[in-house]
Amino acid sequence: QVQVVESGGGLVQDGGSLRLSCAASGRIITVNDMGWYRQAPGKQRELVASISRYGITNYADSVKGRFTISRDNAKNTMYLQMNSLNPEETAVYYCNVNERSSGTIWGQGTQVTVSS
């Protein structure tokens, strides 16, 4: 079984920065695509950014130029550097991992709150 744990959320002021981490552990053969999603109160969960095992990245238009996704395959860990955050980005941020044998796994989420 594979577990996914996010960390790094918290409270930040408008215009501030945060770095999220997502670590996969357990019976891992190969971690393929990894992604960050977020869900604000009353809204649907949306893709923020994703990264393939080979480093190919994809970003939501709203975060391009401000957020950077990266990963360390040796540690089965993914990161999201978020700069110039605004209050509308207050949400629970979820890590999504596609593992070769276990399929798609979600983390429990980490709260990001941006104060105005």
# chains A, B, ... in the order shown; residues from 1 in each chain; ligands from 1
$ select_by_dssp --residues "chain A" --states "helix (DSSP H, G or I)" --output "list in words"
Asp61, Ser62, Val63, Asn73, Ala74, Lys75, Pro87, Glu88 and Glu89 of chain A
$ residues_around --residues "Asn76 of chain A" --least-positions-apart "5" --cutoff "9 Å" --atoms "only C-alpha atoms" --output "PyMOL selection string"
chain A and resi 22-25+28+30-31+71
$ closest_residue --among "A:Gln81, A:Ser50, A:Glu88, A:Trp36" --to "Glu6 of chain A" --atoms "only C-alpha atoms"
A:Trp36
$ closest_residue --among "A:Thr90, A:Ser21, A:Gln1, A:Gln13" --to "Thr68 of chain A" --atoms "only C-alpha atoms"
A:Ser21
$ select_by_dssp --residues "chain A" --states "strand (DSSP E or B)" --output "PyMOL selection string"
chain A and resi 2-7+10-13+18-26+31-39+46-51+57-59+67-72+77-82+91-99+103-106+110-115
